[in-house]
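The structure appears right after this line, and notes come after that.
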Amino acid sequence: MPESLISARGLTKKYGDFTAVDAIDFDVAKGESFGLLGPNGAGKSTTMRIIAATSQRTSGSISILGRDPEEHGPQIRAHLGVVPQQDNLDGELTVTENLFIYGRYFGLSKKFIRNKIEELLDFAQLQEKRDSKVEALSGGMKRRLTIARALVSEPDILMLDEPTTGLDPQARHILWDRLFRLKETGVTLVITTHFMDEAEQLCDRLVVMDKGKIMAEGSPLELIKKYSTKEVLEVRFGSERNKEVAPVLRDMCSRIEELPDRILMYVEDGEALLEEIVAKKLHPTTSLVRRSSLEDVFLRLTGRSLIE
Amino acid sequence: MNSGINVTKIRARGAAYVAEARIAQMMKWKGIIAIVAIGNPLFYLVAIGIGIGVLVNENSGTSGTGGVEYITFIAPALLASAALTGALDEAMFPVMEGFKWRKLFYAINSTPINPGQIVLGVFIGALARVVFTVVCYWALLIAFGVVTISESWDVIPITIFAAGAFAAVIMGVTASVKNEDYFMTVLNRMIIMPMFLFSGTFFPLSSMPIFIQPIGWISPLWHATELGRYFSYGYSISSTMLVIHFGYLIGMMIVGFKLANQKFAERLAK
Ligand SMILES: Nc1ncnc2c1ncn2[C@@H]1O[C@H](COP(=O)(O)OP(=O)(O)OP(=O)(O)O)[C@@H](O)[C@H]1O
Ligand SMILES: [Mg+2]
């Protein structure tokens with residue numbers, strides 16, 4: 001059993017009468033890349049703030065690096081790197097100034113920080129922008145800088161709250177590549193996301209959250225195996241006809257999901273099923289066979305899509 | 001694990017790190033800060049000292065100012081007013097920036113630094129600006145021969161202290177409001193402007209209509225001005241009033257810090 005860096009039991013956070021995090025249990029092992037996958041309002045950021053030892057839980061227990069955040073906030077925060085959902089860089093300062101000032105908050109020596117900055121600028125591919133005001137950076141660069149800033153203190157756990165939300169595909173891929181590298185160096189990652197592809201790419205293990213609760217837990221592959229089929233056939237008949245053919249389709253496979261614009265059919269062999277459908281002269285306007293993804297897992301667990 | 005992180009050290013110096021960052025941020029505005037610190041006294045010394053001051057003394061002698069030259073009378077008041085304005089800038093804007101505009105305080109709060117250390121650090125930063133402003137002002141007063149070093153040096157710590165008390169209250173109040181834009185308008189129009197008008201800066205508060213005088217009584221600027229006059233040219237104040245002036249400013253400092261500490265902790269914990 002690998003050493004557990006974070007361990008939560010019955011962790012609950014209430015805002016007044018509203019329960020944002022509802023008695024969740026999870027463990028994060030050393031060196032692991034752990035994900036919280038869930039839609040808007042699932043309670044991901046709230047959970048992250050509790051782990052980051054900045055927000056206090058209402059009830060339950062949590063231990064981070066063997067300590068209780070209620071009593072040892074500064075000691076815990078000394079060993080965490082936090083990338084919040086919303087960048088909170090100082091736009092008026094330059095890239096290096098932002099890194100330098102943040103390093104000082106950890107009481108690190110000026111010499112140590114100066115050396116570290118060079119390493120981080122290389123890592124974040126921001127050498128050319130080192131003396132630019134942060135205001136002038138692109139969204140992807142700001143995100144990379146926020147990650148670099150979180151690494152200035154060489155944290156044991158790096159917390160990333162929706163690292164790529166709002167970035168274009170190219171910027172996302174650059175960021176994923178950087179995070180892969182980090183993973184290889186053995187840093188423990190805790191990542192929240194509502195992108196299933198991101199969770200599949202980056203997480204060794206994840207929990208699916210919805211409305212403050214954990215719906216399922218496992219590796220992306222395990223979750224797909226457990227809650228979905230190998231393949232998915234997506235068929236469209238046009239919004240009028242979808243309703244008409246759905247009952248027929250339902251009898252042809254173990255499970256279907258009717259979405260507003262298409263029907264998802266869960267099967268082991270999508271091509272074979274498509275041939276059957278064509279043989280029945282149902283002729284979908286478009287069709288697509290794909291592998292099951294975490295999106296399908298989420299749909300199965302909650303009856304809703306991840307991204308509304 | 002980074003073994004270079006020493007939480008005990010951070011506990012002792014956290015506020016200094018925050019102040020260091022505040023000063024780095026202020027350095028981005030150093031040109032403007034310097035122009036204000038030097039231009040403001042220059043303007044008043046030339047305009048009032050040479051122009052209006054002559055008029056006031058010609059028309060009413062020195063009776064309205066308690067027997068001193070008009071410039072001597074208003075110099076400590078202008079010094080206090082510049083100090084409090086500087087304190088206002090560096091206590092209000094960083095707090096808004098910290099919580100709302102750029103959320104910088106949330107970034108600091110995710111390090112080993114505590115909310116109380118952020119309060120103290122921002123306060124020290126504001127004080128640094130005040131010290132710079134006051135020293136520039138004082139140097140010009142001396143250069144223009146308005147005050148002498150030996151007679152008036154004690155005005156410096158008194159004025160800095162008064163500006164500090166004001167900064168603490170502004171930090172607490174700013175951290176307490178949610179709607180910043182509305183707050184800035186109200187604060188400027190309803191509190192700051194009357195405070196600067198009715199604090200006995202240009203003529204004694206006691207010469208104002210009695211219904212206006214309470215504005216001065218609650219204004220830290222009036223208390224700072226009275227103390228400044230007392231310490232710069234031997235303006236006479238009863239010992240009771242001395243105690244009241246100091247007590248009021250000390251009270252502001254304590255209440256301001258209490259409120260700021262409480263609101264910072266509250267907002268950062270969400
Ligand atoms: N400070 C707060 N006060 C009151 N309610 C809050 C507060 N913070 C979060 N909530 C509520 O708690 C719930 C969970 O919020 P949280 O930010 O943790 O969700 P999330 O999973 O991070 O969502 P998103 O994907 O939108 O970031 C939401 O319904 C939110 O409105
Ligand atoms: Mg969130």
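Here's how to read the names in the structure tokens: chain A, B, ... by the order shown, residue numbers from 1 in each chain, ligand numbers from 1 in the order shown.
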Within 9 Å of range 4-6 of chain A, counting only C-alpha atoms, which residues qualify if same-chain residues fewer than 3 places away don't, as a PyMOL selection string? chain A and resi 1+26-30+51+62-66+156-157+188
Could you go through range 198-304 of chain A and tell me which residues DSSP, when run on the backbone, assigns to alpha helix (DSSP H), listing them as a compact mmCIF listing (two decimals) with C-alpha atoms, in the first residue's frame?
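What follows is the written file states-v4.txt:
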```txt
# COMPACT_ATOMS: atom_id res chain seq x y z
CA GLU A 198 -8.33 15.80 -19.90
CA ALA A 199 -9.19 13.39 -17.11
CA GLU A 200 -8.36 10.43 -19.36
CA GLN A 201 -5.06 12.00 -20.41
CA LEU A 202 -3.80 13.15 -17.05
CA PRO A 220 -10.39 5.97 -16.37
CA LEU A 221 -10.23 2.49 -17.87
CA GLU A 222 -11.82 0.79 -14.86
CA LEU A 223 -14.63 3.32 -14.82
CA ILE A 224 -15.34 2.86 -18.50
CA LYS A 225 -15.29 -0.93 -18.12
CA LYS A 226 -17.59 -0.81 -15.13
CA TYR A 227 -20.11 1.77 -16.26
CA SER A 239 -34.82 15.68 -34.19
CA GLU A 240 -38.28 14.67 -35.47
CA ARG A 241 -37.51 11.05 -36.19
CA ASN A 242 -35.26 10.41 -33.16
CA LYS A 243 -38.30 9.92 -30.92
CA GLU A 244 -39.98 7.65 -33.41
CA VAL A 245 -37.09 5.20 -33.85
CA ALA A 246 -35.83 5.22 -30.25
CA PRO A 247 -38.14 2.40 -29.04
CA VAL A 248 -36.96 0.19 -31.90
CA LEU A 249 -33.31 0.93 -31.18
CA ARG A 250 -33.77 0.28 -27.46
CA GLY A 270 -20.61 -0.75 -33.01
CA GLU A 271 -20.10 -1.59 -36.70
CA ALA A 272 -22.13 -4.77 -36.43
CA LEU A 273 -24.97 -2.92 -34.76
CA LEU A 274 -24.92 -0.25 -37.44
CA GLU A 275 -25.26 -2.92 -40.12
CA GLU A 276 -28.27 -4.33 -38.29
CA ILE A 277 -29.87 -0.89 -38.19
CA VAL A 278 -29.27 -0.36 -41.89
CA ALA A 279 -30.67 -3.83 -42.59
CA LEU A 294 -15.70 9.11 -19.32
CA GLU A 295 -18.47 11.26 -20.76
CA ASP A 296 -20.47 8.04 -21.19
CA VAL A 297 -19.66 7.05 -17.63
CA PHE A 298 -20.95 10.36 -16.39
CA LEU A 299 -24.09 10.10 -18.48
CA ARG A 300 -24.72 6.65 -17.09
CA LEU A 301 -24.18 7.75 -13.50
CA THR A 302 -26.16 10.98 -13.55
```
Write down, as an mmCIF file with C-alpha atoms, in the first residue's frame, each residue of chain B that has any atom within 12 Å of an atom of chain A, counting only C-alpha atoms.
```
data_model
loop_
_atom_site.group_PDB
_atom_site.id
_atom_site.type_symbol
_atom_site.label_atom_id
_atom_site.label_comp_id
_atom_site.auth_asym_id
_atom_site.auth_seq_id
_atom_site.Cartn_x
_atom_site.Cartn_y
_atom_site.Cartn_z
ATOM 1 C CA MET B 1 10.193 17.871 -0.367
ATOM 2 C CA ASN B 2 11.800 21.286 -0.219
ATOM 3 C CA SER B 3 13.799 21.314 2.979
ATOM 4 C CA GLY B 4 14.547 25.011 2.503
ATOM 5 C CA ILE B 5 11.095 25.989 3.771
ATOM 6 C CA ASN B 6 11.097 26.971 7.396
ATOM 7 C CA VAL B 7 7.600 27.607 8.699
ATOM 8 C CA THR B 8 8.844 29.052 11.971
ATOM 9 C CA LYS B 9 10.792 31.663 10.037
ATOM 10 C CA ILE B 10 7.751 32.464 7.893
ATOM 11 C CA ARG B 11 5.690 32.873 11.039
ATOM 12 C CA ALA B 12 8.129 35.536 12.203
ATOM 13 C CA ARG B 13 8.708 37.320 8.886
ATOM 14 C CA GLY B 14 5.552 36.715 6.858
ATOM 15 C CA ALA B 15 4.373 40.306 7.150
ATOM 16 C CA ALA B 16 7.775 41.532 5.960
ATOM 17 C CA TYR B 17 7.475 39.372 2.826
ATOM 18 C CA VAL B 18 4.065 40.864 2.104
ATOM 19 C CA ALA B 19 5.432 44.379 2.667
ATOM 20 C CA GLU B 20 8.341 43.568 0.346
ATOM 21 C CA ALA B 21 5.822 42.639 -2.356
ATOM 22 C CA ARG B 22 3.760 45.781 -1.730
ATOM 23 C CA ILE B 23 6.848 47.931 -2.129
ATOM 24 C CA ALA B 24 7.769 46.122 -5.362
ATOM 25 C CA GLN B 25 4.261 46.911 -6.611
ATOM 26 C CA MET B 26 4.540 50.548 -5.550
ATOM 27 C CA MET B 27 7.858 50.842 -7.380
ATOM 28 C CA LYS B 28 5.875 50.421 -10.605
ATOM 29 C CA TRP B 29 4.308 53.772 -9.723
ATOM 30 C CA PRO B 94 -4.322 47.156 -2.495
ATOM 31 C CA GLU B 97 -7.034 44.618 -5.711
ATOM 32 C CA GLY B 98 -6.325 41.863 -3.221
ATOM 33 C CA PHE B 99 -9.888 40.719 -2.823
ATOM 34 C CA LYS B 100 -11.637 41.646 -5.989
ATOM 35 C CA TRP B 101 -9.746 43.043 -8.914
ATOM 36 C CA ARG B 102 -6.827 40.644 -9.174
ATOM 37 C CA LYS B 103 -7.468 38.477 -6.146
ATOM 38 C CA LEU B 104 -3.837 38.813 -5.140
ATOM 39 C CA PHE B 105 -4.589 38.071 -1.486
ATOM 40 C CA TYR B 106 -5.958 34.658 -2.429
ATOM 41 C CA ALA B 107 -2.613 33.888 -4.054
ATOM 42 C CA ILE B 108 -0.745 34.917 -0.903
ATOM 43 C CA ASN B 109 -3.195 32.982 1.234
ATOM 44 C CA SER B 110 -2.306 29.745 -0.553
ATOM 45 C CA THR B 111 1.264 30.051 0.749
ATOM 46 C CA PRO B 112 2.238 29.576 4.410
ATOM 47 C CA ILE B 113 1.363 33.249 5.054
ATOM 48 C CA ASN B 114 -1.673 33.878 7.281
ATOM 49 C CA PRO B 115 -4.421 36.487 6.757
ATOM 50 C CA GLN B 117 0.271 38.695 8.180
ATOM 51 C CA ILE B 118 -1.267 39.991 4.969
ATOM 52 C CA GLY B 121 2.260 43.518 5.475
ATOM 53 C CA ALA B 265 -9.672 36.029 7.678
ATOM 54 C CA GLU B 266 -13.375 35.805 6.879
ATOM 55 C CA ARG B 267 -13.048 36.625 3.197
ATOM 56 C CA LEU B 268 -9.967 34.511 2.598
ATOM 57 C CA ALA B 269 -11.568 31.453 4.200
ATOM 58 C CA LYS B 270 -14.729 31.898 2.074
#
```
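Separating CA of Leu36 in chain A from atom 14 (C, counted along the ligand's line) of ligand 1 is a distance of 12.7 Å.
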From range 28-86 of chain A, collect each residue whose DSSP state is strand (DSSP E) and return the set as a PyMOL selection string. chain A and resi 28-29+33-37+59-64+80-83
Those same residues, written as a PDB file, in the first residue's frame with C-alpha atoms?
```pdb
ATOM      1  CA  VAL A  28      -4.461  10.252  -2.798  1.00  0.00           C
ATOM      2  CA  ALA A  29      -1.262   8.208  -2.881  1.00  0.00           C
ATOM      3  CA  SER A  33      -2.173  11.816 -10.396  1.00  0.00           C
ATOM      4  CA  PHE A  34      -5.642  12.085  -8.937  1.00  0.00           C
ATOM      5  CA  GLY A  35      -8.626  13.714 -10.604  1.00  0.00           C
ATOM      6  CA  LEU A  36     -11.927  15.214  -9.547  1.00  0.00           C
ATOM      7  CA  LEU A  37     -14.217  15.070 -12.566  1.00  0.00           C
ATOM      8  CA  SER A  59     -17.516  18.238   9.314  1.00  0.00           C
ATOM      9  CA  GLY A  60     -15.727  14.994   8.605  1.00  0.00           C
ATOM     10  CA  SER A  61     -11.994  14.555   8.675  1.00  0.00           C
ATOM     11  CA  ILE A  62      -9.117  15.236   6.337  1.00  0.00           C
ATOM     12  CA  SER A  63      -5.424  14.736   6.668  1.00  0.00           C
ATOM     13  CA  ILE A  64      -2.921  16.276   4.272  1.00  0.00           C
ATOM     14  CA  LEU A  80       1.571  22.543  -1.627  1.00  0.00           C
ATOM     15  CA  GLY A  81       1.581  24.255  -4.990  1.00  0.00           C
ATOM     16  CA  VAL A  82      -1.800  25.755  -5.801  1.00  0.00           C
ATOM     17  CA  VAL A  83      -3.109  26.631  -9.257  1.00  0.00           C
TER      18      VAL A  83
END
```
Ala171 in chain A: which residues within 10 Å, counting only C-alpha atoms, same-chain residues fewer than 3 positions away excluded, as JSON, numbers by chain? {"A": [138, 139, 140, 141, 143, 144, 164, 166, 167, 168, 174, 175, 176, 177]}
What does the list of residues within 9 Å of ligand 1 look like if you count only C-alpha atoms and all ligand atoms, written as number ranges by chain? A: 13-16, 18-21, 36-49, 85, 161-162, 192-194, 209-212; B: 267, 269-270
Please identify all polymer residues within 8 Å of Leu141 in chain B, counting only C-alpha atoms, omitting same-chain residues fewer than 3 positions from it, and present them as a ChimeraX atom specification. /B:41,45,75,137-138,144-147
Let me make sure I understand: among A:Glu184, A:Pro163, A:Ser219, A:Met265, which one has the smallest atom-to-atom distance to ligand 2 if we use only C-alpha atoms and all ligand atoms?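 Smallest separation from ligand 2 among the options: A:Pro163.
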Shell of 12 Å around Pro204 in chain B, only C-alpha atoms, local chain residues under 4 positions omitted, as an NGL selection string: :B and (63-66 or 70 or 73-74 or 77 or 197-200 or 208-209 or 213 or 216 or 222 or 225-226 or 229 or 235)
Please report the interatomic distance between CA of Leu233 in chain A and CA of Cys203 in chain A in Å with one decimal. 25.7 Å
